[in-house]
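final.txt follows (compact mmCIF, C-alpha atoms):
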```
# COMPACT_ATOMS: atom_id res chain seq x y z
CA MET A 910 136.42 137.59 111.38
CA PRO A 911 136.89 136.65 107.73
CA VAL A 912 134.70 133.73 106.79
CA ALA A 913 135.36 131.86 103.59
CA ARG A 914 132.44 130.32 101.74
CA SER A 915 133.77 126.81 102.26
CA ASP A 916 133.71 127.38 106.01
CA ILE A 917 130.12 128.43 105.97
CA ALA A 918 129.06 125.12 104.53
CA VAL A 919 130.20 123.54 107.77
CA LEU A 920 128.47 126.09 109.89
CA ALA A 921 124.76 125.71 109.90
CA VAL A 922 123.33 124.19 113.01
CA VAL A 923 119.80 123.32 113.86
CA CYS A 924 117.51 122.42 116.62
CA LEU A 925 118.10 123.50 120.13
CA ALA A 926 115.53 120.97 121.18
CA THR A 927 114.05 121.87 124.51
CA TRP A 928 111.09 120.93 126.54
CA GLY A 929 109.20 123.02 124.12
CA ALA A 930 107.29 126.17 124.70
CA VAL A 931 104.70 125.35 122.06
CA PRO A 932 101.97 123.00 123.25
CA VAL A 933 100.73 120.61 120.58
CA LEU A 934 97.78 119.49 122.66
CA ALA A 935 96.98 121.69 125.60
CA GLN A 936 96.26 118.73 127.84
CA SER A 937 99.40 116.72 127.08
CA ALA A 938 101.53 119.84 127.44
CA ASP A 939 100.03 120.54 130.87
CA SER A 940 100.77 117.08 132.19
CA LEU A 941 104.29 117.33 130.78
CA GLU A 942 104.61 120.62 132.62
CA VAL A 943 103.97 118.84 135.93
CA GLY A 944 106.82 116.44 135.21
CA ARG A 945 109.13 119.23 134.15
CA LYS A 946 108.46 121.09 137.37
CA MET A 947 109.25 118.00 139.43
CA LEU A 948 112.49 117.49 137.54
CA ALA A 949 113.48 121.13 137.99
CA GLU A 950 112.90 120.92 141.75
CA ASP A 951 115.20 117.94 142.16
CA ASN A 952 117.62 118.52 139.35
CA PRO A 953 120.56 116.08 139.43
CA GLY A 954 122.51 118.84 137.63
CA GLU A 955 123.06 120.39 141.07
CA LEU A 956 125.65 117.66 141.65
CA TRP A 957 127.58 119.00 138.64
CA VAL A 958 127.64 122.46 140.23
CA GLN A 959 129.14 120.89 143.38
CA ARG A 960 131.74 118.97 141.43
CA GLY A 961 132.55 121.96 139.21
CA GLU A 962 133.08 124.18 142.22
CA ARG A 963 135.54 121.70 143.65
CA LEU A 964 137.41 121.35 140.36
CA PHE A 965 137.56 125.13 140.03
CA HIS A 966 139.24 125.66 143.39
CA ASP A 967 141.42 122.53 143.54
CA GLN A 968 145.11 122.71 142.65
CA ARG A 969 145.35 120.51 139.59
CA GLY A 970 147.38 119.78 136.47
CA PRO A 971 151.15 119.84 135.86
CA ARG A 972 151.34 123.41 137.21
CA ASN A 973 149.41 122.45 140.33
CA ALA A 974 147.25 125.53 140.05
CA SER A 975 143.59 126.29 140.61
CA LEU A 976 141.38 128.13 138.12
CA GLU A 977 140.83 130.98 140.54
CA GLN A 978 142.74 133.39 138.29
CA CYS A 979 140.65 132.51 135.24
CA ASP A 980 139.20 135.62 133.60
CA PHE A 981 135.69 135.37 132.14
CA GLY A 982 135.57 139.05 131.27
CA MET A 983 134.85 140.53 134.70
CA GLY A 984 138.48 140.27 135.85
CA PRO A 985 140.47 137.28 137.12
CA GLY A 986 138.44 135.04 139.39
CA ARG A 987 135.29 137.15 139.17
CA LEU A 988 132.48 134.79 138.26
CA GLU A 989 129.36 136.63 139.42
CA GLY A 990 127.44 137.66 136.32
CA ALA A 991 130.29 136.74 133.97
CA PHE A 992 128.34 134.08 132.07
CA ALA A 993 125.47 136.53 131.47
CA ARG A 994 127.81 138.67 129.33
CA LEU A 995 129.28 135.88 127.21
CA PRO A 996 130.30 135.53 124.44
CA ARG A 997 132.36 138.72 124.40
CA TYR A 998 135.63 140.06 123.01
CA PHE A 999 138.80 139.34 124.99
CA SER A 1000 141.81 141.56 124.37
CA ASP A 1001 144.26 138.91 125.66
CA THR A 1002 143.39 136.56 122.81
CA GLY A 1003 142.06 139.16 120.38
CA LYS A 1004 138.97 137.00 119.83
CA VAL A 1005 135.34 136.72 120.77
CA GLU A 1006 135.04 133.80 123.18
CA ASP A 1007 132.34 131.88 125.00
CA MET A 1008 132.46 130.26 128.42
CA GLU A 1009 133.80 126.92 127.24
CA SER A 1010 136.60 128.44 125.13
CA ARG A 1011 137.69 130.54 128.12
CA LEU A 1012 137.67 127.48 130.35
CA LEU A 1013 139.73 125.64 127.76
CA LYS A 1014 142.27 128.47 127.71
CA CYS A 1015 142.51 128.50 131.51
CA LEU A 1016 142.86 124.73 131.82
CA VAL A 1017 145.75 124.90 129.34
CA GLU A 1018 147.46 128.11 130.46
CA LEU A 1019 146.88 128.08 134.22
CA GLN A 1020 146.95 124.36 134.95
CA GLY A 1021 149.17 123.23 132.08
CA LEU A 1022 146.76 120.53 130.92
CA ASP A 1023 146.92 119.17 127.39
CA ARG A 1024 144.59 120.97 125.00
CA GLY A 1025 144.03 117.93 122.79
CA ALA A 1026 143.18 115.73 125.76
CA ILE A 1027 140.69 118.25 127.12
CA ILE A 1028 138.98 118.54 123.76
CA GLN A 1029 138.83 114.78 123.41
CA ALA A 1030 137.16 114.50 126.83
CA ARG A 1031 135.01 117.61 126.38
CA PHE A 1032 131.75 115.65 126.47
CA SER A 1033 131.20 112.90 129.00
CA ASN A 1034 129.86 109.50 128.07
CA LEU A 1035 128.59 106.61 130.15
CA ASP A 1036 132.16 105.43 130.75
CA ARG A 1037 133.78 108.66 131.93
CA ALA A 1038 132.85 112.05 133.34
CA SER A 1039 133.86 115.37 131.79
CA ASP A 1040 135.54 118.10 133.83
CA MET A 1041 134.49 120.61 131.19
CA GLU A 1042 130.81 119.87 131.77
CA ALA A 1043 131.14 120.24 135.54
CA LEU A 1044 133.22 123.43 135.32
CA SER A 1045 130.84 125.01 132.78
CA THR A 1046 127.85 124.25 134.99
CA PHE A 1047 129.53 125.79 138.01
CA VAL A 1048 130.70 128.95 136.22
CA ALA A 1049 127.31 129.49 134.53
CA SER A 1050 125.47 128.94 137.82
CA ARG A 1051 127.25 131.99 139.26
CA SER A 1052 125.00 134.09 137.01
CA ASN A 1053 121.78 132.52 138.27
CA GLY A 1054 118.98 135.02 138.72
CA MET A 1055 120.68 137.53 136.41
CA LYS A 1056 119.53 138.47 132.95
CA MET A 1057 121.40 137.44 129.83
CA ASP A 1058 123.07 140.64 128.70
CA VAL A 1059 125.29 140.22 125.63
CA ARG A 1060 126.22 143.70 124.44
CA LEU A 1061 127.97 143.57 121.05
CA GLU A 1062 130.11 146.61 121.85
CA HIS A 1063 133.26 145.51 120.03
CA PRO A 1064 133.29 145.38 116.21
CA GLN A 1065 134.35 141.72 116.38
CA GLU A 1066 131.35 140.92 118.58
CA ARG A 1067 129.04 142.51 116.02
CA GLU A 1068 130.75 140.55 113.26
CA MET A 1069 130.34 137.27 115.16
CA TYR A 1070 126.68 138.09 115.65
CA LYS A 1071 126.25 138.68 111.92
CA VAL A 1072 127.99 135.40 111.10
CA GLY A 1073 125.83 133.58 113.64
CA GLU A 1074 122.69 135.07 112.17
CA TYR A 1075 123.78 134.05 108.68
CA ILE A 1076 124.38 130.46 109.79
CA PHE A 1077 121.10 130.34 111.69
CA TYR A 1078 119.08 131.04 108.54
CA ARG A 1079 121.27 129.36 105.91
CA ARG A 1080 120.16 125.98 104.55
CA THR A 1081 123.02 123.58 104.00
CA GLY A 1082 124.27 120.00 103.99
CA PRO A 1083 122.81 116.76 102.64
CA THR A 1084 119.42 117.45 104.26
CA ASP A 1085 119.36 121.09 103.18
CA PHE A 1086 118.47 122.12 106.71
CA ALA A 1087 118.88 125.45 108.41
CA CYS A 1088 118.34 126.07 112.12
CA THR A 1089 115.09 127.69 111.08
CA SER A 1090 113.89 124.54 109.30
CA CYS A 1091 113.00 123.22 112.74
CA HIS A 1092 113.09 126.36 114.83
CA GLY A 1093 111.54 128.99 112.59
CA ASP A 1094 107.80 128.27 112.94
CA GLU A 1095 105.21 127.75 115.62
CA GLY A 1096 103.93 124.33 116.59
CA LYS A 1097 106.67 122.12 115.17
CA ARG A 1098 107.79 118.99 116.90
CA ILE A 1099 109.92 115.88 116.57
CA ARG A 1100 107.93 112.91 117.87
CA LEU A 1101 106.41 114.33 121.08
CA GLN A 1102 109.21 116.85 121.47
CA ASP A 1103 107.90 120.38 121.00
CA LEU A 1104 110.39 122.55 119.15
CA PRO A 1105 110.75 126.17 120.20
CA ASN A 1106 110.32 128.79 117.52
CA MET A 1107 113.60 130.57 117.99
CA THR A 1108 112.65 133.54 115.86
CA ASP A 1109 110.30 134.41 118.73
CA ARG A 1110 112.08 136.29 121.50
CA LYS A 1111 110.13 134.76 124.40
CA GLN A 1112 110.77 131.23 123.20
CA MET A 1113 114.42 132.01 122.54
CA GLN A 1114 114.75 133.34 126.08
CA ALA A 1115 113.26 130.12 127.47
CA VAL A 1116 116.01 128.22 125.63
CA ILE A 1117 118.86 130.50 126.64
CA ALA A 1118 117.85 130.63 130.31
CA GLY A 1119 118.46 126.93 130.85
CA TRP A 1120 121.78 125.88 129.29
CA PRO A 1121 123.93 124.13 130.51
CA ALA A 1122 121.20 121.61 131.27
CA TYR A 1123 120.88 118.17 132.83
CA ARG A 1124 119.70 115.91 130.04
CA GLY A 1125 117.70 112.98 131.31
CA THR A 1126 118.37 110.88 128.23
CA HIS A 1127 122.14 111.42 128.61
CA SER A 1128 122.27 111.18 132.43
CA THR A 1129 124.60 114.16 132.47
CA VAL A 1130 124.78 117.92 132.15
CA ARG A 1131 125.34 119.14 128.60
CA THR A 1132 126.61 122.57 127.62
CA MET A 1133 125.61 124.86 124.76
CA GLN A 1134 128.68 123.60 122.89
CA HIS A 1135 127.25 120.09 123.07
CA ARG A 1136 123.77 121.23 122.05
CA LEU A 1137 125.21 122.87 118.93
CA TYR A 1138 127.47 119.89 118.24
CA ASP A 1139 124.49 117.55 118.48
CA CYS A 1140 122.28 119.71 116.24
CA ASN A 1141 125.10 119.81 113.73
CA TRP A 1142 125.27 116.03 113.82
CA GLN A 1143 121.50 115.73 113.47
CA MET A 1144 121.79 117.80 110.28
CA ARG A 1145 124.44 115.32 109.09
CA LEU A 1146 127.06 118.04 108.83
CA PRO A 1147 130.78 117.55 109.55
CA ASP A 1148 131.60 117.65 113.27
CA LEU A 1149 131.39 121.06 114.85
CA GLY A 1150 134.79 121.90 116.34
CA PHE A 1151 134.78 122.45 120.10
CA ALA A 1152 135.07 126.16 120.91
CA SER A 1153 135.45 126.82 117.17
CA ASP A 1154 134.72 130.26 115.72
CA VAL A 1155 131.62 128.79 114.12
CA SER A 1156 130.21 127.55 117.42
CA ILE A 1157 131.01 130.84 119.12
CA ALA A 1158 129.39 132.86 116.32
CA LEU A 1159 126.18 130.88 116.75
CA THR A 1160 126.31 131.19 120.52
CA THR A 1161 126.80 134.95 120.15
CA TYR A 1162 123.73 135.15 117.94
CA LEU A 1163 121.59 132.92 120.16
CA ASN A 1164 122.58 134.51 123.46
CA TYR A 1165 122.10 138.03 122.12
CA ARG A 1166 118.67 137.10 120.79
CA GLY A 1167 117.95 135.62 124.23
CA ASN A 1168 118.98 138.79 126.06
CA GLY A 1169 116.74 139.46 129.03
CA ALA A 1170 116.33 135.75 129.82
CA VAL A 1171 116.68 135.16 133.55
CA ILE A 1172 119.46 132.59 133.85
CA GLN A 1173 118.62 129.51 135.90
CA VAL A 1174 121.16 126.77 135.37
CA PRO A 1175 121.50 123.91 135.28
CA GLY A 1176 118.24 123.59 133.39
CA VAL A 1177 116.54 120.25 132.83
CA ARG A 1178 115.95 118.90 129.35
CA ARG A 1179 114.70 115.68 127.90
CA MET B 316 135.71 108.02 146.21
CA ALA B 317 132.06 108.66 145.57
CA GLU B 318 130.76 112.15 144.98
CA PRO B 319 128.89 113.83 147.86
CA MET B 320 125.12 113.60 147.85
CA LYS B 321 122.94 116.64 147.82
CA ILE B 322 120.36 116.47 150.61
CA ARG B 323 117.58 118.95 151.24
CA ALA B 324 115.32 118.64 154.26
CA THR B 325 112.58 121.18 154.85
CA LEU B 326 109.91 121.12 157.54
CA GLN B 327 106.27 121.09 156.48
CA GLY B 328 104.04 120.98 159.54
CA ASP B 329 105.45 118.16 161.66
CA THR B 330 106.95 116.39 158.66
CA ALA B 331 110.37 116.83 157.10
CA ASP B 332 110.36 116.68 153.33
CA VAL B 333 113.69 115.01 152.51
CA ARG B 334 115.04 115.04 148.97
CA VAL B 335 118.29 113.32 148.11
CA LEU B 336 120.27 113.49 144.87
CA ILE B 337 122.87 110.76 144.44
CA LEU B 338 125.56 110.52 141.79
CA HIS B 339 126.05 106.89 140.87
CA PRO B 340 126.50 105.00 137.58
CA MET B 341 123.98 102.26 138.55
CA GLU B 342 125.28 99.86 135.92
CA THR B 343 122.81 97.11 135.05
CA GLY B 344 125.46 94.62 134.00
CA GLN B 345 123.94 94.52 130.53
CA ARG B 346 125.43 97.63 128.95
CA ARG B 347 128.45 97.30 126.67
CA ASP B 348 131.20 99.92 126.65
CA GLY B 349 132.84 101.51 123.61
CA LYS B 350 134.94 98.38 123.03
CA GLY B 351 131.94 96.05 123.16
CA GLU B 352 132.82 94.63 126.57
CA LEU B 353 130.06 94.11 129.14
CA VAL B 354 130.24 96.70 131.89
CA PRO B 355 130.03 94.82 135.20
CA LEU B 356 127.11 95.26 137.57
CA HIS B 357 127.64 98.29 139.74
CA TYR B 358 124.69 99.51 141.75
CA ILE B 359 123.66 100.79 145.14
CA GLN B 360 122.55 97.84 147.22
CA SER B 361 121.45 99.37 150.47
CA VAL B 362 120.30 102.76 151.60
CA LEU B 363 119.80 103.82 155.19
CA VAL B 364 118.21 107.10 156.24
CA THR B 365 118.38 108.11 159.88
CA HIS B 366 116.63 110.88 161.79
CA ASN B 367 118.71 111.98 164.80
CA GLY B 368 120.46 108.63 164.64
CA LYS B 369 117.27 106.54 164.49
CA ALA B 370 116.65 104.55 161.32
CA VAL B 371 113.61 105.79 159.41
CA LEU B 372 114.23 104.05 156.11
CA GLU B 373 116.15 100.95 155.19
CA ALA B 374 116.02 100.06 151.52
CA GLN B 375 117.46 97.32 149.34
CA TRP B 376 117.91 98.64 145.83
CA SER B 377 118.56 96.76 142.64
CA GLN B 378 120.11 97.55 139.31
CA ALA B 379 116.64 98.59 138.12
CA VAL B 380 117.03 101.96 139.84
CA SER B 381 118.13 104.70 137.44
CA ARG B 382 121.53 106.28 137.05
CA ASN B 383 122.01 109.30 139.35
CA PRO B 384 118.99 108.30 141.46
CA PHE B 385 116.66 110.59 143.34
CA LEU B 386 115.23 109.59 146.70
CA GLY B 387 112.37 111.46 148.32
CA ILE B 388 110.93 110.61 151.73
CA ARG B 389 108.83 112.28 154.41
CA VAL B 390 109.89 111.97 158.03
CA LYS B 391 107.13 112.43 160.59
CA GLY B 392 107.76 114.11 163.91
CA ALA B 393 110.79 116.07 162.71
CA ARG B 394 111.75 119.50 163.99
CA VAL B 395 113.91 122.28 162.69
CA GLY B 396 117.57 121.53 163.43
CA ASP B 397 117.12 117.74 163.45
CA LYS B 398 119.80 115.72 161.72
CA ILE B 399 118.96 113.63 158.68
CA SER B 400 121.70 111.32 157.56
CA VAL B 401 121.82 109.17 154.44
CA ILE B 402 124.15 106.22 153.90
CA TRP B 403 124.40 104.14 150.76
CA VAL B 404 126.57 101.12 150.06
CA ASP B 405 127.03 99.66 146.61
CA ASN B 406 127.88 96.14 145.47
CA LYS B 407 131.59 96.99 145.19
CA GLY B 408 131.66 98.05 148.81
CA ASP B 409 131.94 101.71 147.92
CA GLN B 410 129.89 103.90 150.21
CA ARG B 411 128.97 107.41 151.06
CA THR B 412 127.48 109.12 154.12
CA ASP B 413 126.11 112.65 154.06
CA GLU B 414 124.09 114.67 156.48
CA ALA B 415 121.66 117.55 156.39
CA VAL B 416 119.90 119.63 159.01
CA VAL B 417 116.14 120.09 158.79
CA ALA B 418 115.44 123.67 157.70
CA PRO B 419 112.27 125.68 158.26
CA ALA B 420 109.83 125.84 155.35
CA SER B 421 110.85 128.61 152.99
```
Can you give me the file's structure in the form of structure tokens?
Amino acid sequence: MPVARSDIAVLAVVCLATWGAVPVLAQSADSLEVGRKMLAEDNPGELWVQRGERLFHDQRGPRNASLEQCDFGMGPGRLEGAFARLPRYFSDTGKVEDMESRLLKCLVELQGLDRGAIIQARFSNLDRASDMEALSTFVASRSNGMKMDVRLEHPQEREMYKVGEYIFYRRTGPTDFACTSCHGDEGKRIRLQDLPNMTDRKQMQAVIAGWPAYRGTHSTVRTMQHRLYDCNWQMRLPDLGFASDVSIALTTYLNYRGNGAVIQVPGVRR
Amino acid sequence: MAEPMKIRATLQGDTADVRVLILHPMETGQRRDGKGELVPLHYIQSVLVTHNGKAVLEAQWSQAVSRNPFLGIRVKGARVGDKISVIWVDNKGDQRTDEAVVAPAS
């Protein structure tokens, strides 16, 4: 994928804030751990899996079709373990794609829904739900218990990984932030929010294992696309395009670095 | 039409541990939408939990309960295979009934 310099300025993304892996004070981290466990046991995100499953099988859109023929790389309709291998190269589009970009393609091509409208409603807010969030949660949950296993076999996958790595370390924008400004050292935090050091494989795996995640502060499930979008915004960069090459390059880098993480979605985050 | 609840009921000794996830906006009546208009009150008013048809919990909720609420209760004297049913009704008259069967402890 050719990447012009001007594009790269828009790329850098920071801060996959999670319930951090780095305790600031051992005691406070332990008591937070109790709360996290309780949230994980009764995760409202499970309701998004239910809704996503229904949306996946229902006949919808102008074509009155289900998404059962949607191909996430394991063949049409095969969801088991598909998310664990994404992003990957797809010969039908000639591009490296992640889960959300594949869903977008299927919603448009199989169901005949309007691409612009889907992108506009990609993230829910307090006034309306998002089908994309529910569908992503359902599709990802079909890889639960499996290990993240992004392979970088195709030259384009390796290129996306390289671009993602470049963005991850490159400082940019009005705050001169890189992802690593917040996620490159041990023991950093924002307020009481521990920040994972994502140059550490274990901590990266803890991040990757739990997205999409139910975010308590948003009262909804958010996807990796939203996490990256939000980080981008927090760095005061121009909006990150949904399912853009930039977002997929970063996801390729992050997921590959998180390989081996046992997927358990939806996760629970602050 | 309200979304289905997710109900888990597992037996621990002679007690069923019942955990209910509910999808509901639980509007407080004080939030403003994107256009600056007040979003009207919309919250679950009453909740009824029954064990084999017998009421074990009747609750009156208010708008102080969170969005997408979680309800956890313990039902004494339950056995594997018993029916736990949950009914909620909100202030707009919308309601939802779902049922679960008590499962053995895993």
Hey, list the chain B side of the contact with chain A: 7 Å cut-off, only C-alpha atoms, answer as a list of chain:residue names.
B:Lys321, B:Leu336, B:Asp348, B:Arg382, B:Asn383
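Going from CA of Asn1106 (chain A) over to CA of His1092 (chain A), you cover 4.6 Å.
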Take the point (120.8, 139.0, 117.4) as written in the file and pick out every residue within 8 Å of it, counting all atoms listed in the file; give the list as a PyMOL selection string.
chain A and resi 1070-1071+1074+1161-1166
Close residues, region 406-421 of chain B itself excluded, 7 Å, all atoms listed in the file, min 2 positions apart in chain, as a PyMOL selection string:
chain B and resi 317+319-320+322-327+331+357-360+394-404
Using only C-alpha atoms and a cutoff of 10 Å, can you tell me which residues are near (115.9, 130.2, 128.5) in the file's coordinates, and write them out as JSON, numbers by chain?
{"A": [927, 1057, 1111, 1112, 1113, 1114, 1115, 1116, 1117, 1118, 1119, 1120, 1164, 1167, 1168, 1169, 1170, 1171, 1172, 1173, 1174, 1176]}
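You will find CA of Asp1001 (chain A) at 23.1 Å from CA of Arg969 (chain A).
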What lies within 10 Å of Pro355 (chain B) using all atoms listed in the file, ignoring chain neighbours under 6 positions off, as a CSV table (one decimal) with C-alpha atoms, in the frame of the given file?
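Output file out-v6.csv follows:
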```
chain,number,residue,atom,x,y,z
B,342,GLU,CA,125.3,99.9,135.9
B,343,THR,CA,122.8,97.1,135.0
B,344,GLY,CA,125.5,94.6,134.0
B,345,GLN,CA,123.9,94.5,130.5
B,346,ARG,CA,125.4,97.6,129.0
B,347,ARG,CA,128.4,97.3,126.7
```
Draw an axis-aligned box over all listed atoms of region 333-348 of chain B, pad each side with 3 Å, and write its centre and edge lengths in Å, one decimal, as JSON.
```
{"center_x": 122.4, "center_y": 104.8, "center_z": 139.6, "size_x": 23.5, "size_y": 26.5, "size_z": 31.9}
```
Work out how far apart CA of Arg945 (chain A) and CA of Arg1179 (chain A) are and give it in Å to one decimal.
9.1 Å
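Within the 10 Å cut-off around Glu1062 (chain A), using only C-alpha atoms and omitting residues fewer than 4 positions from it on the same chain, the listed residues are Arg997, Tyr998, Glu1066 and Arg1067 of chain A.
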What lies within 8 Å of Asp1007 (chain A) using all atoms listed in the file, ignoring chain neighbours under 5 positions off, as number ranges by chain?
A: 995-997, 1152, 1157, 1160-1161
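Candidate residues A:Ala1158, A:Leu1012, A:Leu1019, A:Ala991 were compared for distance to Gln1065 (chain A), and the nearest is A:Ala1158, using only C-alpha atoms.
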I'd like the contact shell of Arg1145 (chain A) - 10 Å cut-off, only C-alpha atoms, skipping same-chain residues fewer than 6 positions apart - returned as a ChimeraX atom specification.
/A:922,1081-1086,1139
Write out the residues from the selection above, keeping C-alpha atoms, as a compact mmCIF listing (two decimals), in the frame of the given file.
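Writing the result to result-v4.txt gives the following:
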```
# COMPACT_ATOMS: atom_id res chain seq x y z
CA VAL A 922 123.33 124.19 113.01
CA THR A 1081 123.02 123.58 104.00
CA GLY A 1082 124.27 120.00 103.99
CA PRO A 1083 122.81 116.76 102.64
CA THR A 1084 119.42 117.45 104.26
CA ASP A 1085 119.36 121.09 103.18
CA PHE A 1086 118.47 122.12 106.71
CA ASP A 1139 124.49 117.55 118.48
```
